[in-house]
$ cat protein-v9.tsv   # TSV, C-alpha atoms
chain	number	residue	atom	x	y	z
Y	1	MET	CA	-96.40	76.92	-10.97
Y	2	GLN	CA	-93.90	78.72	-8.78
Y	3	LEU	CA	-90.91	77.04	-10.42
Y	4	THR	CA	-91.95	77.92	-13.94
Y	5	ASP	CA	-93.67	81.28	-13.38
Y	6	ILE	CA	-96.54	79.91	-15.46
Y	7	LYS	CA	-99.83	81.51	-14.45
Y	8	THR	CA	-102.36	78.79	-15.30
Y	9	LYS	CA	-102.73	75.18	-14.26
Y	10	THR	CA	-103.50	74.22	-17.85
Y	11	GLU	CA	-100.18	75.60	-19.09
Y	12	VAL	CA	-98.30	73.84	-16.28
Y	13	ILE	CA	-99.94	70.54	-17.21
Y	14	LYS	CA	-99.11	71.08	-20.90
Y	15	LEU	CA	-95.48	71.75	-20.01
Y	16	ALA	CA	-95.34	68.69	-17.76
Y	17	LEU	CA	-96.73	66.48	-20.52
Y	18	GLN	CA	-94.28	67.88	-23.07
Y	19	GLU	CA	-91.39	67.18	-20.70
Y	20	LEU	CA	-92.66	63.64	-20.06
Y	21	ILE	CA	-92.87	62.97	-23.80
Y	22	LYS	CA	-89.38	64.38	-24.31
Y	23	LYS	CA	-88.01	62.20	-21.50
Y	24	ASN	CA	-89.60	59.08	-23.02
Y	25	LYS	CA	-88.21	59.87	-26.47
Y	26	VAL	CA	-84.71	60.27	-25.03
Y	27	ALA	CA	-85.07	56.93	-23.26
Y	28	GLU	CA	-86.14	55.28	-26.51
Y	29	LEU	CA	-83.17	56.77	-28.35
Y	30	ARG	CA	-80.81	55.54	-25.64
Y	31	ALA	CA	-82.11	52.01	-26.23
Y	32	TYR	CA	-80.58	52.19	-29.73
Y	33	LYS	CA	-77.12	53.10	-28.42
Y	34	GLY	CA	-74.60	50.80	-30.06
Y	35	LYS	CA	-77.23	49.21	-32.31
Y	36	VAL	CA	-77.20	51.69	-35.19
Y	37	ASN	CA	-74.32	51.92	-37.65
Y	38	LEU	CA	-73.57	55.61	-38.03
Y	39	ASP	CA	-70.71	54.98	-40.48
Y	40	MET	CA	-73.13	54.52	-43.37
Y	41	ASP	CA	-72.25	55.81	-46.84
Y	42	ILE	CA	-75.21	57.82	-48.09
Y	43	ASP	CA	-74.23	57.41	-51.75
Y	44	LEU	CA	-74.00	53.63	-51.33
Y	45	LEU	CA	-77.44	53.57	-49.70
Y	46	ARG	CA	-78.91	55.64	-52.53
Y	47	ASN	CA	-77.46	53.27	-55.12
Y	48	CYS	CA	-78.86	50.25	-53.27
Y	49	ASN	CA	-82.32	51.80	-53.21
Y	50	ALA	CA	-82.13	52.66	-56.92
Y	51	HIS	CA	-81.21	49.08	-57.85
Y	52	SER	CA	-83.80	47.41	-55.62
Y	53	GLY	CA	-86.80	49.17	-57.20
$ encode --input "protein-v9.tsv" --output "C-alpha coordinates"
Amino acid sequence: MQLTDIKTKTEVIKLALQELIKKNKVAELRAYKGKVNLDMDIDLLRNCNAHSG
(Lines of atoms letter the chains of each structure in order from A and count residues from 1; the text may use other names and numbers.)
(Lines give C-alpha, C1' and ligand atoms only; values in the text may rest on other atoms or scores of the structure.)
Protein backbone atom coordinates (compact mmCIF):
# COMPACT_ATOMS: atom_id res chain seq x y z
CA MET A 1 0.00 0.00 0.00
CA GLN A 2 2.93 2.29 0.66
CA LEU A 3 4.40 1.80 -2.81
CA THR A 4 1.19 2.62 -4.62
CA ASP A 5 -0.35 5.20 -2.26
CA ILE A 6 -3.56 3.19 -2.51
CA LYS A 7 -5.63 3.57 0.65
CA THR A 8 -7.56 0.27 0.77
CA LYS A 9 -6.49 -3.35 0.79
CA THR A 10 -9.20 -4.17 -1.73
CA GLU A 11 -7.80 -1.71 -4.26
CA VAL A 12 -4.26 -3.03 -3.73
CA ILE A 13 -5.47 -6.58 -4.36
CA LYS A 14 -7.34 -5.47 -7.50
CA LEU A 15 -4.20 -3.77 -8.80
CA ALA A 16 -2.07 -6.82 -8.01
CA LEU A 17 -4.48 -9.10 -9.87
CA GLN A 18 -4.58 -6.76 -12.88
CA GLU A 19 -0.78 -6.73 -13.00
CA LEU A 20 -0.65 -10.53 -12.72
CA ILE A 21 -3.10 -10.90 -15.60
CA LYS A 22 -1.11 -8.42 -17.68
CA LYS A 23 2.13 -10.30 -16.95
CA ASN A 24 0.55 -13.60 -18.01
CA LYS A 25 -0.80 -12.10 -21.24
CA VAL A 26 2.65 -10.75 -22.11
CA ALA A 27 4.15 -14.18 -21.46
CA GLU A 28 1.55 -15.79 -23.74
CA LEU A 29 2.29 -13.27 -26.49
CA ARG A 30 6.02 -13.93 -26.18
CA ALA A 31 5.33 -17.62 -26.81
CA TYR A 32 4.17 -16.65 -30.32
CA LYS A 33 7.40 -14.82 -31.14
CA GLY A 34 8.63 -16.05 -34.49
CA LYS A 35 5.53 -18.18 -35.07
CA VAL A 36 3.23 -15.55 -36.60
CA ASN A 37 3.72 -14.21 -40.11
CA LEU A 38 3.35 -10.46 -39.83
CA ASP A 39 4.00 -9.92 -43.56
CA MET A 40 0.42 -10.86 -44.44
CA ASP A 41 -1.40 -9.05 -47.24
CA ILE A 42 -4.78 -7.98 -45.88
CA ASP A 43 -6.35 -7.72 -49.35
CA LEU A 44 -5.20 -11.26 -50.20
CA LEU A 45 -6.68 -12.54 -46.93
CA ARG A 46 -9.99 -10.80 -47.64
CA ASN A 47 -10.15 -12.34 -51.11
CA CYS A 48 -9.43 -15.80 -49.70
CA ASN A 49 -12.24 -15.44 -47.18
CA ALA A 50 -14.65 -14.23 -49.86
CA HIS A 51 -13.91 -17.24 -52.09
CA SER A 52 -14.07 -19.84 -49.32
CA GLY A 53 -17.65 -18.98 -48.25
$ atom_distance --input "protein-v9.tsv" --atom1 "atom CA of Asn24 of chain Y" --atom2 "atom CA of Met1 of chain Y"
22.6 Å
$ residues_near_point --input "protein-v9.tsv" --point "(-91.7, 74.8, -16.9)" --cutoff "10 Å" --atoms "all atoms listed in the file" --output "list in words"
Met1, Gln2, Leu3, Thr4, Asp5, Ile6, Glu11, Val12, Ile13, Lys14, Leu15, Ala16, Gln18 and Glu19 of chain Y
$ write_last_selection --input "protein-v9.tsv" --atoms "C-alpha atoms" --output "tab-separated table (two decimals), in the coordinates of the input"
chain	number	residue	atom	x	y	z
Y	1	MET	CA	-96.40	76.92	-10.97
Y	2	GLN	CA	-93.90	78.72	-8.78
Y	3	LEU	CA	-90.91	77.04	-10.42
Y	4	THR	CA	-91.95	77.92	-13.94
Y	5	ASP	CA	-93.67	81.28	-13.38
Y	6	ILE	CA	-96.54	79.91	-15.46
Y	11	GLU	CA	-100.18	75.60	-19.09
Y	12	VAL	CA	-98.30	73.84	-16.28
Y	13	ILE	CA	-99.94	70.54	-17.21
Y	14	LYS	CA	-99.11	71.08	-20.90
Y	15	LEU	CA	-95.48	71.75	-20.01
Y	16	ALA	CA	-95.34	68.69	-17.76
Y	18	GLN	CA	-94.28	67.88	-23.07
Y	19	GLU	CA	-91.39	67.18	-20.70
$ atom_distance --input "protein-v9.tsv" --atom1 "atom CA of Leu29 of chain Y" --atom2 "atom CA of Leu45 of chain Y"
22.3 Å
$ atom_distance --input "protein-v9.tsv" --atom1 "atom CA of Lys33 of chain Y" --atom2 "atom CA of Leu20 of chain Y"
20.6 Å
